[in-house]
Amino acid sequence: MRNLEAFEVPNDGEIALCEINGRMQSMNYNYANVNAFTNTLECYPKIHITRDLLHPVTSRDEGKALFLPVNVSFLKQLTQIYYEQGFVEALHTASAHNQIIISKGALMVLDILKYINKIRILFNPNIKYSGTNLINQFSQTRNWLSNTIRCISWHPHTKKVAVVTCDDSVRIFSDDNAIMPLLRYKHQRNITCVAWRYMSNSEIAVGHENGITVWNIDANSLVSRPSISNAVFLKLPNHKPIMSIAWSPKGDKLVSCAACDNTIYVWDVELNKTSSQKRPGSSGNILLKWSQTGEKLFSCSNGLVFRVWDCYTWECERWTVLDGRVQTACWSSCGTNLLFATSTETVIYGLIIKTDQIFTSNTETSSSQAIPLIDTSKIDIEGIVVGGLIQCMESDPKGKHLAVLFQDTNCVAVFNIVRQPMLQIIPSSLVIGLPEEKPSIISFLQHFEAGTCLTIGWSSGRVQYYPIIYTDLSIPNQVNTSLYPSFNTSPF
């Protein structure tokens, strides 16, 4: 099993900007500019979200300070609290009433609800966590609770990207930045994931603490803030917080999972109907990944269990890890290789799917085995610490590269994926941010003619492009080969 020692790092004071024909190109971070090496990114949007661009998050109670208090009847006050804050808060208000019958009745109901909640926590421990803490624990985004950028999702067919920020806004950037749609809704709180619909130019699903909002953005509209009339709200009782959503490659189905619900739902968005896939062995699910061929669906629980579903029969093969849970996973482009990492081991595992029968009880005759591919234990390479437990992994659409984001080291590791004669992961390059920057989230462009391109959301709100270019694939004048020899490059 390989380790991370094969990585070569940029020279002191330099950061990696791109990779051309297997050679990492770097430049001093004070005047770093990827356009000095390649012109392939000129038509892509430049994204840097600073704190002054964020919308302040306000609570409903702030507007009450503008009005003078008035005396209202108890029944009217109770009704108002019920509609604004819910049944439980209305009971707390009733328990403080001066009439003994009303207060004792409210206290009795609150005691009953407390014992019911204890029983629910016994069967599903995740309920005791607040929504934001639970999301932060299971999210693919590093430090989800405090980082500016929480999600990045590239459109599968056009040069368009959705960026989710900590103010619960979804900003749509494209090659034409004249109009930047901003998707906001009062019930769209604590956004966890976002996914563009395949075979569509305008639909995007946003998963959040309360459910799923599917927006339809008219490409010809001049409105920068689409109204909720352009959206469909999908919600089911106890199916929250939504942790992962995924569109099928045909765009006809949307799957979702929630941290406090062990049921995976398959949505027909047009009809607002669902079918459910439920298996015992967990109290919730945290990650869904549809293979690019559409034949398999990966799902993992918040416990030891993960599954690979056959999307034709909706039968699944059940697999368990020894400790912890599956933290992150990704498919190869052909849908026959699955890479995953757990929350307790510094190892990337590979799963080779050769037949419809993924796992068998007899390990000697099983056609597929989860095998350790690379050890990601922390090491120091020329003063740069890399490795540790893995936060997120993404493979590029062509299945040639793997990007890995770690939980507590500040490098994004890029590997080459080799499938023949056997599945291997080979260290390629390390991407380091500017001083004081930490990586938050990673995502690959869906279509990049010159090779592939990784995008990294940094803690400063900057989105970096890291293109991996092969000159035999690029069109003329896309790579400035006459420019980059004049700069210092790494020996890789």
# chains A, B, ... in the order shown; residues from 1 in each chain; ligands from 1
>>> residues_around(residues="Gln424 in chain A", least_positions_apart="6", cutoff="12 Å", atoms="only C-alpha atoms", output="PDB file with C-alpha atoms, in the first residue's frame")
ATOM      1  CA  MET A   1       0.000   0.000   0.000  1.00  0.00           C
ATOM      2  CA  ARG A   2       1.344   3.399  -1.015  1.00  0.00           C
ATOM      3  CA  ASN A   3       1.636   6.446   1.243  1.00  0.00           C
ATOM      4  CA  ASN A 337     -14.905   1.372  -9.222  1.00  0.00           C
ATOM      5  CA  LEU A 339     -13.470   4.694  -3.651  1.00  0.00           C
ATOM      6  CA  ILE A 348      -8.547   5.145   1.049  1.00  0.00           C
ATOM      7  CA  TYR A 349     -10.295   1.923   0.097  1.00  0.00           C
ATOM      8  CA  GLY A 350     -11.221   0.745  -3.366  1.00  0.00           C
ATOM      9  CA  LEU A 351     -14.075  -1.470  -4.449  1.00  0.00           C
ATOM     10  CA  ILE A 352     -14.046  -3.079  -7.887  1.00  0.00           C
ATOM     11  CA  ILE A 371      -8.974  -3.223  -0.687  1.00  0.00           C
ATOM     12  CA  PRO A 372      -6.760  -0.553   0.940  1.00  0.00           C
ATOM     13  CA  LEU A 373      -5.161   1.566  -1.780  1.00  0.00           C
ATOM     14  CA  ILE A 374      -3.211   4.289  -0.009  1.00  0.00           C
ATOM     15  CA  LYS A 400      -8.466   9.856 -14.237  1.00  0.00           C
ATOM     16  CA  HIS A 401      -7.924  11.993 -11.138  1.00  0.00           C
ATOM     17  CA  LEU A 402      -8.925  12.009  -7.486  1.00  0.00           C
ATOM     18  CA  PHE A 415      -3.933  11.750  -7.262  1.00  0.00           C
ATOM     19  CA  ASN A 416      -3.865   9.921 -10.569  1.00  0.00           C
ATOM     20  CA  ILE A 417      -6.235   6.940 -10.838  1.00  0.00           C
ATOM     21  CA  VAL A 418      -4.944   3.899 -12.705  1.00  0.00           C
TER      22      VAL A 418
END
>>> residues_around(residues="Leu110 in chain A", least_positions_apart="5", cutoff="8 Å", atoms="only C-alpha atoms", output="ChimeraX atom specification")
/A:88,91-92
>>> closest_residue(among="A:Pro226, A:Pro421, A:Pro237, A:Gly131", to="Leu183 in chain A", atoms="only C-alpha atoms")
A:Pro226
>>> closest_residue(among="A:Thr320, A:Thr93, A:Gln137, A:Ser202", to="His157 in chain A", atoms="only C-alpha atoms")
A:Ser202
>>> select_by_dssp(residues="range 122-202 of chain A", states="alpha helix (DSSP H)", output="list in words")
Leu122, Phe123, Gly131, Thr132, Asn133, Leu134, Ile135, Asn136, Gln137 and Phe138 of chain A
>>> write_last_selection(atoms="N, CA, C and O atoms", output="JSON list (two decimals), in the first residue's frame")
[["chain", "number", "residue", "atom", "x", "y", "z"],
["A", 122, "LEU", "N", -33.51, 7.36, 22.46],
["A", 122, "LEU", "CA", -33.00, 6.02, 22.72],
["A", 122, "LEU", "C", -32.84, 5.24, 21.43],
["A", 122, "LEU", "O", -31.88, 4.49, 21.24],
["A", 123, "PHE", "N", -33.79, 5.39, 20.49],
["A", 123, "PHE", "CA", -33.74, 4.68, 19.22],
["A", 123, "PHE", "C", -32.95, 5.44, 18.16],
["A", 123, "PHE", "O", -32.44, 4.83, 17.22],
["A", 131, "GLY", "N", -29.69, 21.04, 14.94],
["A", 131, "GLY", "CA", -29.55, 20.89, 13.50],
["A", 131, "GLY", "C", -28.18, 21.28, 12.98],
["A", 131, "GLY", "O", -27.57, 20.55, 12.22],
["A", 132, "THR", "N", -27.67, 22.45, 13.42],
["A", 132, "THR", "CA", -26.40, 22.92, 12.89],
["A", 132, "THR", "C", -25.23, 22.05, 13.35],
["A", 132, "THR", "O", -24.31, 21.79, 12.58],
["A", 133, "ASN", "N", -25.25, 21.60, 14.60],
["A", 133, "ASN", "CA", -24.17, 20.74, 15.08],
["A", 133, "ASN", "C", -24.18, 19.39, 14.38],
["A", 133, "ASN", "O", -23.13, 18.82, 14.08],
["A", 134, "LEU", "N", -25.36, 18.88, 14.12],
["A", 134, "LEU", "CA", -25.49, 17.60, 13.41],
["A", 134, "LEU", "C", -24.98, 17.73, 11.99],
["A", 134, "LEU", "O", -24.26, 16.86, 11.48],
["A", 135, "ILE", "N", -25.35, 18.81, 11.32],
["A", 135, "ILE", "CA", -24.89, 19.04, 9.95],
["A", 135, "ILE", "C", -23.37, 19.20, 9.91],
["A", 135, "ILE", "O", -22.70, 18.63, 9.04],
["A", 136, "ASN", "N", -22.83, 19.96, 10.84],
["A", 136, "ASN", "CA", -21.39, 20.17, 10.89],
["A", 136, "ASN", "C", -20.64, 18.86, 11.11],
["A", 136, "ASN", "O", -19.55, 18.66, 10.59],
["A", 137, "GLN", "N", -21.24, 17.95, 11.85],
["A", 137, "GLN", "CA", -20.60, 16.66, 12.13],
["A", 137, "GLN", "C", -20.55, 15.77, 10.90],
["A", 137, "GLN", "O", -19.55, 15.09, 10.66],
["A", 138, "PHE", "N", -21.60, 15.77, 10.09],
["A", 138, "PHE", "CA", -21.70, 14.83, 8.98],
["A", 138, "PHE", "C", -21.44, 15.44, 7.61],
["A", 138, "PHE", "O", -21.42, 14.73, 6.61]]
>>> closest_residue(among="A:Gln80, A:Asn230, A:Gln464, A:Asn98", to="Val214 in chain A", atoms="only C-alpha atoms")
A:Asn230
>>> atom_distance(atom1="CA of Phe74 in chain A", atom2="CA of Ile100 in chain A")
14.2 Å
>>> atom_distance(atom1="CA of Arg142 in chain A", atom2="CA of Phe7 in chain A")
22.5 Å
>>> residues_around(residues="Lys159 in chain A", least_positions_apart="4", cutoff="9 Å", atoms="only C-alpha atoms", output="count of residues only")
11
>>> residues_around(residues="Leu288 in chain A", least_positions_apart="6", cutoff="7 Å", atoms="only C-alpha atoms", output="PyMOL selection string")
chain A and resi 244-246+298-300
>>> write_last_selection(atoms="N, CA and C atoms", output="mmCIF file, in the first residue's frame")
data_model
loop_
_atom_site.group_PDB
_atom_site.id
_atom_site.type_symbol
_atom_site.label_atom_id
_atom_site.label_comp_id
_atom_site.auth_asym_id
_atom_site.auth_seq_id
_atom_site.Cartn_x
_atom_site.Cartn_y
_atom_site.Cartn_z
ATOM 1 N N SER A 244 -27.863 14.897 1.889
ATOM 2 C CA SER A 244 -27.325 14.640 0.549
ATOM 3 C C SER A 244 -28.479 14.450 -0.425
ATOM 4 N N ILE A 245 -28.311 14.989 -1.622
ATOM 5 C CA ILE A 245 -29.261 14.796 -2.716
ATOM 6 C C ILE A 245 -28.480 14.461 -3.975
ATOM 7 N N ALA A 246 -29.109 13.736 -4.905
ATOM 8 C CA ALA A 246 -28.434 13.375 -6.153
ATOM 9 C C ALA A 246 -29.480 13.131 -7.232
ATOM 10 N N PHE A 298 -24.840 4.636 -4.506
ATOM 11 C CA PHE A 298 -24.164 4.404 -3.232
ATOM 12 C C PHE A 298 -24.876 5.200 -2.148
ATOM 13 N N SER A 299 -25.077 4.576 -1.003
ATOM 14 C CA SER A 299 -25.633 5.277 0.157
ATOM 15 C C SER A 299 -24.897 4.814 1.402
ATOM 16 N N CYS A 300 -24.672 5.730 2.321
ATOM 17 C CA CYS A 300 -24.028 5.343 3.576
ATOM 18 C C CYS A 300 -24.813 5.920 4.742
#
>>> closest_residue(among="A:Leu271, A:Asn220, A:Lys296, A:Val161", to="Val463 in chain A", atoms="only C-alpha atoms")
A:Val161
>>> closest_residue(among="A:Arg23, A:Tyr312, A:Ala16, A:Trp215", to="Ser227 in chain A", atoms="only C-alpha atoms")
A:Trp215
>>> residues_around(residues="Gln77 in chain A", least_positions_apart="3", cutoff="12 Å", atoms="only C-alpha atoms", output="ChimeraX atom specification")
/A:69-74,80-85,89-91,93-94,97
